[in-house]
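Note: the block below is upload_26.txt and it holds compact mmCIF, C-alpha atoms.
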# COMPACT_ATOMS: atom_id res chain seq x y z
CA MET A 1 107.91 69.26 138.61
CA SER A 2 107.18 72.37 136.56
CA ASN A 3 104.45 74.99 136.79
CA SER A 4 103.08 77.52 134.35
CA SER A 5 105.34 80.31 135.61
CA SER A 6 108.48 78.29 134.80
CA ILE A 7 107.34 77.08 131.36
CA THR A 8 108.89 79.19 128.60
CA GLU A 9 108.03 76.91 125.69
CA PHE A 10 105.92 73.94 124.68
CA LEU A 11 106.92 70.94 122.59
CA LEU A 12 104.45 70.14 119.81
CA LEU A 13 103.77 66.73 118.36
CA ALA A 14 106.21 65.63 115.67
CA PHE A 15 104.64 64.00 112.63
CA ALA A 16 107.58 61.63 112.12
CA ASP A 17 110.88 60.55 113.64
CA THR A 18 112.91 60.45 110.43
CA TRP A 19 114.06 63.41 108.33
CA GLU A 20 112.58 61.95 105.14
CA LEU A 21 109.09 61.66 106.63
CA GLN A 22 109.37 65.15 108.11
CA LEU A 23 110.12 66.47 104.62
CA LEU A 24 107.10 64.54 103.30
CA HIS A 25 104.94 66.19 105.95
CA PHE A 26 106.36 69.60 105.01
CA TRP A 27 105.59 69.19 101.29
CA LEU A 28 102.13 67.73 101.97
CA PHE A 29 101.15 70.61 104.25
CA LEU A 30 102.70 73.10 101.86
CA GLY A 31 100.53 71.77 99.02
CA ILE A 32 97.40 71.94 101.18
CA TYR A 33 98.29 75.43 102.41
CA LEU A 34 98.91 76.79 98.91
CA ALA A 35 95.63 75.24 97.71
CA ALA A 36 93.80 76.97 100.56
CA LEU A 37 95.50 80.31 99.80
CA LEU A 38 94.71 80.05 96.11
CA GLY A 39 91.11 78.88 96.48
CA ASN A 40 90.08 81.30 99.18
CA GLY A 41 92.05 84.12 97.58
CA LEU A 42 90.20 83.61 94.29
CA ILE A 43 86.82 83.66 96.04
CA ILE A 44 87.70 86.86 97.92
CA THR A 45 88.91 88.49 94.71
CA ALA A 46 85.85 87.39 92.72
CA VAL A 47 83.35 88.60 95.30
CA ALA A 48 85.18 91.89 95.83
CA CYS A 49 85.64 92.68 92.13
CA ASP A 50 82.46 91.38 90.47
CA HIS A 51 79.48 93.64 91.21
CA ARG A 52 77.08 90.80 90.36
CA LEU A 53 78.34 88.98 93.46
CA HIS A 54 77.64 91.88 95.80
CA THR A 55 74.77 90.04 97.48
CA PRO A 56 74.33 88.86 101.09
CA MET A 57 75.15 85.23 100.25
CA TYR A 58 78.50 86.13 98.68
CA PHE A 59 79.24 88.73 101.33
CA PHE A 60 79.11 86.01 103.98
CA LEU A 61 81.06 83.67 101.68
CA LEU A 62 83.78 86.33 101.51
CA ASN A 63 83.83 86.42 105.32
CA LEU A 64 84.08 82.63 105.40
CA SER A 65 87.05 82.67 103.02
CA LEU A 66 88.83 85.28 105.16
CA LEU A 67 88.26 83.11 108.23
CA ASN A 68 89.52 80.02 106.40
CA LEU A 69 92.72 81.84 105.51
CA GLY A 70 93.13 82.98 109.09
CA SER A 71 92.57 79.58 110.70
CA ILE A 72 94.87 77.60 108.42
CA SER A 73 97.57 80.31 108.60
CA THR A 74 97.52 80.06 112.39
CA THR A 75 98.44 76.36 112.55
CA VAL A 76 99.96 75.01 109.33
CA PRO A 77 102.96 77.36 108.72
CA LYS A 78 104.33 76.74 112.24
CA SER A 79 103.97 72.98 111.80
CA MET A 80 105.75 73.16 108.44
CA ALA A 81 108.56 75.26 109.89
CA ASN A 82 109.06 72.81 112.76
CA SER A 83 109.32 69.89 110.34
CA LEU A 84 111.71 71.74 108.06
CA TRP A 85 114.00 72.85 110.89
CA ASP A 86 113.65 69.56 112.81
CA THR A 87 112.30 71.12 115.99
CA ARG A 88 109.14 70.81 118.08
CA ALA A 89 109.35 74.01 120.11
CA ILE A 90 106.85 76.86 120.33
CA SER A 91 107.20 79.66 122.87
CA TYR A 92 104.72 80.00 125.74
CA TRP A 93 103.28 83.23 124.36
CA GLY A 94 103.40 81.86 120.83
CA CYS A 95 101.26 78.95 122.03
CA ALA A 96 98.84 81.34 123.74
CA ALA A 97 98.59 83.41 120.55
CA GLN A 98 98.00 80.27 118.48
CA VAL A 99 95.18 79.15 120.80
CA PHE A 100 93.61 82.59 120.72
CA PHE A 101 93.69 83.16 116.97
CA PHE A 102 92.73 79.62 116.00
CA LEU A 103 89.78 79.52 118.41
CA PHE A 104 88.77 83.02 117.31
CA PHE A 105 88.70 82.11 113.62
CA ILE A 106 86.79 78.85 114.07
CA ALA A 107 84.29 80.43 116.51
CA VAL A 108 83.51 83.25 114.07
CA GLU A 109 83.45 80.74 111.20
CA TYR A 110 80.75 78.71 112.91
CA SER A 111 78.70 81.85 113.52
CA VAL A 112 79.04 82.81 109.85
CA LEU A 113 78.02 79.30 108.76
CA THR A 114 74.90 79.63 110.92
CA ILE A 115 74.10 83.02 109.37
CA MET A 116 74.62 81.54 105.89
CA ALA A 117 72.05 78.83 106.67
CA TYR A 118 69.59 81.52 107.71
CA ASP A 119 70.39 83.45 104.52
CA ARG A 120 69.56 80.41 102.34
CA TYR A 121 66.39 79.75 104.36
CA VAL A 122 65.09 83.28 103.84
CA ALA A 123 66.15 83.37 100.16
CA ILE A 124 64.33 80.13 99.29
CA CYS A 125 61.46 79.92 101.79
CA LYS A 126 60.64 83.64 102.19
CA PRO A 127 61.91 85.28 98.99
CA LEU A 128 59.46 88.21 99.21
CA HIS A 129 60.91 89.21 102.59
CA TYR A 130 64.55 88.68 101.64
CA GLY A 131 65.33 92.33 101.02
CA THR A 132 63.83 93.28 104.38
CA LEU A 133 65.35 90.53 106.53
CA LEU A 134 68.75 90.29 104.85
CA GLY A 135 69.32 93.55 103.04
CA SER A 136 72.66 95.30 102.83
CA ARG A 137 71.94 97.14 106.08
CA ALA A 138 71.42 93.86 107.97
CA CYS A 139 74.48 92.00 106.64
CA VAL A 140 77.18 94.22 108.11
CA PRO A 141 75.74 94.25 111.66
CA MET A 142 75.26 90.46 111.54
CA ALA A 143 78.85 89.93 110.43
CA ALA A 144 80.11 92.43 113.02
CA ALA A 145 78.15 90.60 115.74
CA ALA A 146 79.74 87.30 114.68
CA TRP A 147 83.27 88.76 114.76
CA GLY A 148 82.70 90.65 118.02
CA SER A 149 81.11 87.77 119.92
CA GLY A 150 83.84 85.45 118.62
CA PHE A 151 86.49 87.79 120.00
CA LEU A 152 84.91 87.93 123.47
CA TYR A 153 84.31 84.17 123.52
CA THR A 154 87.91 83.45 122.54
CA LEU A 155 89.32 85.93 125.03
CA LEU A 156 87.42 84.18 127.83
CA HIS A 157 88.65 80.70 126.84
CA THR A 158 92.26 81.72 126.26
CA ALA A 159 92.57 83.69 129.51
CA ASN A 160 90.94 80.88 131.46
CA THR A 161 93.15 78.17 129.91
CA PHE A 162 96.46 79.95 130.43
CA SER A 163 95.61 81.01 133.98
CA LEU A 164 95.67 77.35 135.02
CA PRO A 165 98.76 75.99 136.80
CA LEU A 166 100.59 73.54 134.53
CA CYS A 167 102.70 70.93 136.32
CA LYS A 168 102.64 67.89 134.02
CA GLY A 169 105.40 68.98 131.69
CA ASN A 170 105.31 71.01 128.49
CA VAL A 171 104.65 68.33 125.85
CA VAL A 172 101.51 69.04 123.77
CA ASP A 173 100.28 65.91 122.00
CA GLN A 174 99.11 67.81 118.91
CA PHE A 175 100.76 69.57 115.96
CA PHE A 176 99.40 72.91 117.21
CA CYS A 177 98.40 74.31 120.59
CA GLU A 178 94.90 72.98 121.27
CA ILE A 179 92.92 73.63 124.46
CA PRO A 180 92.11 69.96 125.30
CA GLN A 181 95.80 69.05 125.02
CA ILE A 182 96.87 71.95 127.26
CA LEU A 183 94.25 71.02 129.86
CA LYS A 184 95.96 67.63 130.14
CA LEU A 185 99.02 69.44 131.51
CA SER A 186 97.08 71.07 134.35
CA CYS A 187 97.51 69.78 137.87
CA SER A 188 94.67 71.75 139.42
CA CYS A 189 90.99 71.00 139.73
CA SER A 190 90.52 74.50 138.32
CA TYR A 191 90.75 72.93 134.85
CA LEU A 192 87.17 71.73 135.41
CA ARG A 193 86.14 75.37 135.03
CA GLU A 194 87.47 75.39 131.46
CA VAL A 195 85.93 71.97 130.83
CA GLY A 196 82.59 73.41 131.94
CA LEU A 197 83.03 76.30 129.50
CA LEU A 198 83.81 73.84 126.71
CA VAL A 199 80.68 71.83 127.50
CA LEU A 200 78.59 75.02 127.51
CA SER A 201 80.18 76.01 124.21
CA ALA A 202 79.35 72.58 122.78
CA CYS A 203 75.72 72.99 123.85
CA LEU A 204 75.55 76.36 122.07
CA ALA A 205 77.24 74.86 119.01
CA PHE A 206 74.79 71.98 119.01
CA GLY A 207 71.91 74.45 119.25
CA CYS A 208 73.24 76.28 116.20
CA PHE A 209 73.61 72.96 114.40
CA VAL A 210 69.98 72.08 115.16
CA PHE A 211 68.97 75.49 113.80
CA ILE A 212 70.99 74.83 110.63
CA LEU A 213 69.41 71.39 110.18
CA PHE A 214 65.93 72.83 110.74
CA SER A 215 66.64 75.55 108.18
CA TYR A 216 67.67 72.98 105.60
CA MET A 217 64.67 70.78 106.31
CA GLN A 218 62.49 73.78 105.50
CA ILE A 219 64.61 74.56 102.45
CA PHE A 220 64.34 71.03 101.04
CA ARG A 221 60.57 71.03 101.62
CA ALA A 222 60.32 74.28 99.68
CA VAL A 223 62.66 73.05 96.92
CA PHE A 224 60.57 69.97 96.25
CA ARG A 225 57.62 72.25 95.53
CA ILE A 226 59.57 74.11 92.82
CA PRO A 227 58.24 72.93 89.45
CA SER A 228 61.30 73.83 87.36
CA GLU A 229 64.38 71.65 87.28
CA GLN A 230 66.54 74.77 86.99
CA GLY A 231 65.16 75.99 90.31
CA TRP A 232 66.05 72.67 91.93
CA HIS A 233 69.59 72.84 90.58
CA LYS A 234 70.18 76.41 91.76
CA ALA A 235 68.86 75.66 95.25
CA PHE A 236 70.86 72.47 95.69
CA SER A 237 74.04 74.01 94.21
CA THR A 238 74.11 76.60 97.00
CA CYS A 239 72.72 74.48 99.86
CA LEU A 240 74.40 71.08 99.60
CA PRO A 241 78.00 72.40 99.71
CA HIS A 242 77.14 74.48 102.77
CA LEU A 243 75.55 71.49 104.52
CA ALA A 244 78.60 69.33 103.75
CA VAL A 245 80.96 72.00 105.14
CA VAL A 246 78.93 72.39 108.33
CA SER A 247 78.62 68.65 108.93
CA LEU A 248 82.37 68.02 108.60
CA PHE A 249 83.28 71.05 110.68
CA VAL A 250 80.85 70.35 113.55
CA SER A 251 81.29 66.57 113.79
CA THR A 252 85.10 66.63 113.89
CA GLY A 253 85.36 69.77 116.03
CA MET A 254 82.96 68.53 118.72
CA PHE A 255 84.63 65.13 118.76
CA ALA A 256 88.05 66.75 119.24
CA TYR A 257 86.91 68.85 122.19
CA LEU A 258 84.42 66.51 123.87
CA LYS A 259 85.67 62.97 123.23
CA PRO A 260 85.98 60.80 126.37
CA PRO A 261 89.49 60.04 127.67
CA SER A 262 89.03 56.36 126.77
CA LEU A 263 89.04 57.28 123.07
CA THR A 264 92.23 59.30 123.27
CA SER A 265 95.15 58.15 121.14
CA PRO A 266 97.85 60.19 119.36
CA VAL A 267 96.88 58.92 115.91
CA LEU A 268 93.15 59.52 116.40
CA ASP A 269 93.72 62.97 117.90
CA LEU A 270 95.99 63.91 115.00
CA LEU A 271 93.53 62.65 112.38
CA VAL A 272 90.59 64.52 113.91
CA ALA A 273 92.64 67.71 114.27
CA VAL A 274 93.65 67.59 110.60
CA LEU A 275 90.01 66.97 109.58
CA TYR A 276 88.63 70.00 111.40
CA SER A 277 91.55 72.44 111.17
CA VAL A 278 93.37 71.75 107.88
CA VAL A 279 90.93 70.06 105.49
CA PRO A 280 87.96 72.53 105.61
CA PRO A 281 89.92 75.68 104.63
CA ALA A 282 91.40 73.83 101.64
CA VAL A 283 88.20 72.06 100.58
CA ASN A 284 85.63 74.82 101.19
CA PRO A 285 86.51 76.86 98.07
CA LEU A 286 86.16 73.76 95.92
CA LEU A 287 82.81 72.82 97.46
CA TYR A 288 81.40 76.32 97.07
CA SER A 289 82.62 76.88 93.51
CA MET A 290 82.13 73.40 92.02
CA ARG A 291 78.38 73.73 91.42
CA ASN A 292 77.97 77.52 91.67
CA GLN A 293 77.74 78.95 88.17
CA GLU A 294 77.64 82.58 89.33
CA LEU A 295 80.90 82.17 91.21
CA LYS A 296 82.47 80.31 88.27
CA ASP A 297 81.47 83.15 85.95
CA GLY A 298 82.97 85.70 88.34
CA LEU A 299 86.26 83.79 88.56
CA TRP A 300 86.36 83.34 84.77
CA LYS A 301 85.73 87.04 84.25
CA ILE A 302 88.64 87.97 86.53
CA MET A 303 91.05 85.46 84.97
CA SER A 304 90.11 86.37 81.39
CA GLY A 305 90.51 90.06 82.21
CA ALA A 306 93.95 89.41 83.68
CA PHE A 307 95.06 87.52 80.59
CA GLN A 308 93.73 90.25 78.26
CA LYS A 309 95.77 92.89 80.12
CA GLN A 310 98.89 90.84 79.51

Same coordinates, now as structure tokens:
Amino acid sequence: MSNSSSITEFLLLAFADTWELQLLHFWLFLGIYLAALLGNGLIITAVACDHRLHTPMYFFLLNLSLLNLGSISTTVPKSMANSLWDTRAISYWGCAAQVFFFLFFIAVEYSVLTIMAYDRYVAICKPLHYGTLLGSRACVPMAAAAWGSGFLYTLLHTANTFSLPLCKGNVVDQFFCEIPQILKLSCSCSYLREVGLLVLSACLAFGCFVFILFSYMQIFRAVFRIPSEQGWHKAFSTCLPHLAVVSLFVSTGMFAYLKPPSLTSPVLDLLVAVLYSVVPPAVNPLLYSMRNQELKDGLWKIMSGAFQKQ
């Protein structure tokens, strides 16, 4: 029987038993990872370089893209490397670092998504007060609060999780180090302390989700009063992608961390993990740019300028 002091590495879940399927997993994740890098990189470049996008909405979108890059870079490259080199191992401290950074990025991401909902609410429902409530002076402190609180929150969870005695082996039934899977290895009732923190976190997340839904209810009520079709289109083009991102992120994330043991299965756990950790960073840039003409114009301006220089 092992304990946490004797564990030097963890064994992550392998996607397949055969070399051919491992290569398929590698190329599939590589394609998704490159798409996420390209999409989020373009959004960051467009917002940073185009002065017309220097507004609160795009400032928070830039933060979201940075967080997307961070979260997917924490999990996917290690999984690809393990498949390519036909190994499952990750060091103890590598696992702790992966838990910390992944939880940090998704915690801050959820805070930023909540702020973005508030931004859209003020912009559409209280446009005369927008400059006062969400001016340039307010954006930086709000973003700093999201990053700072996310750091403290993640530090608490990571320290609490890895202080638990682990005596049920070192096999993590997930392709990255995930808190619920590590808690399964604990042999102490102390793990209930971390479970309690997760439940409290879920309550806070649900409260933020209710706030987001309430904001969008008010937004849609205001939009339906807009007489011009152009106003409808602009409002929906910025709100619907955000609502889709939040819904996917919250539903899959809460299910992964709060699902009852009776629903646990390797395939289901893997599917849910991919949906909340891999899919959003790759899909978010597409959702935000597909119907956003200002962002499209900014990207086109950058690309046309690059081609003209050549």

A:Asp269 surroundings by all atoms listed in the file, 10 Å radius, close-in-sequence under 6 positions cut, as a CSV table (one decimal) with C-alpha atoms, keeping the file's coordinate frame:
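Result went into part-v2.csv, see below:
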chain,number,residue,atom,x,y,z
A,173,ASP,CA,100.3,65.9,122.0
A,174,GLN,CA,99.1,67.8,118.9
A,175,PHE,CA,100.8,69.6,116.0
A,181,GLN,CA,95.8,69.0,125.0
A,255,PHE,CA,84.6,65.1,118.8
A,256,ALA,CA,88.0,66.8,119.2
A,257,TYR,CA,86.9,68.8,122.2
A,259,LYS,CA,85.7,63.0,123.2
A,263,LEU,CA,89.0,57.3,123.1
A,275,LEU,CA,90.0,67.0,109.6

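Closest to A:Ser111 among A:Leu133, A:Gly39, A:Val223, A:Ala143 is A:Ala143, based on only C-alpha atoms.
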
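In this model, the gap between atom CA of A:Ser65 and atom CA of A:Gln218 comes to 26.2 Å.
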
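Counting from atom CA of A:His242, the distance to atom CA of A:Ala46 is 18.5 Å.
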
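Considering the residues A:Leu38, A:Ile124, A:Leu166, A:Val250 and counting all atoms listed in the file, A:Thr8 has its shortest atom-to-atom contact with A:Leu166.
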
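Relative to atom CA of A:Glu178, atom CA of A:Gly150 is found at 16.9 Å.
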
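Minimum distance to A:Val267 across A:Ala16, A:Ile7, A:Val122, A:Leu62 (counting all atoms listed in the file) occurs at A:Ala16.
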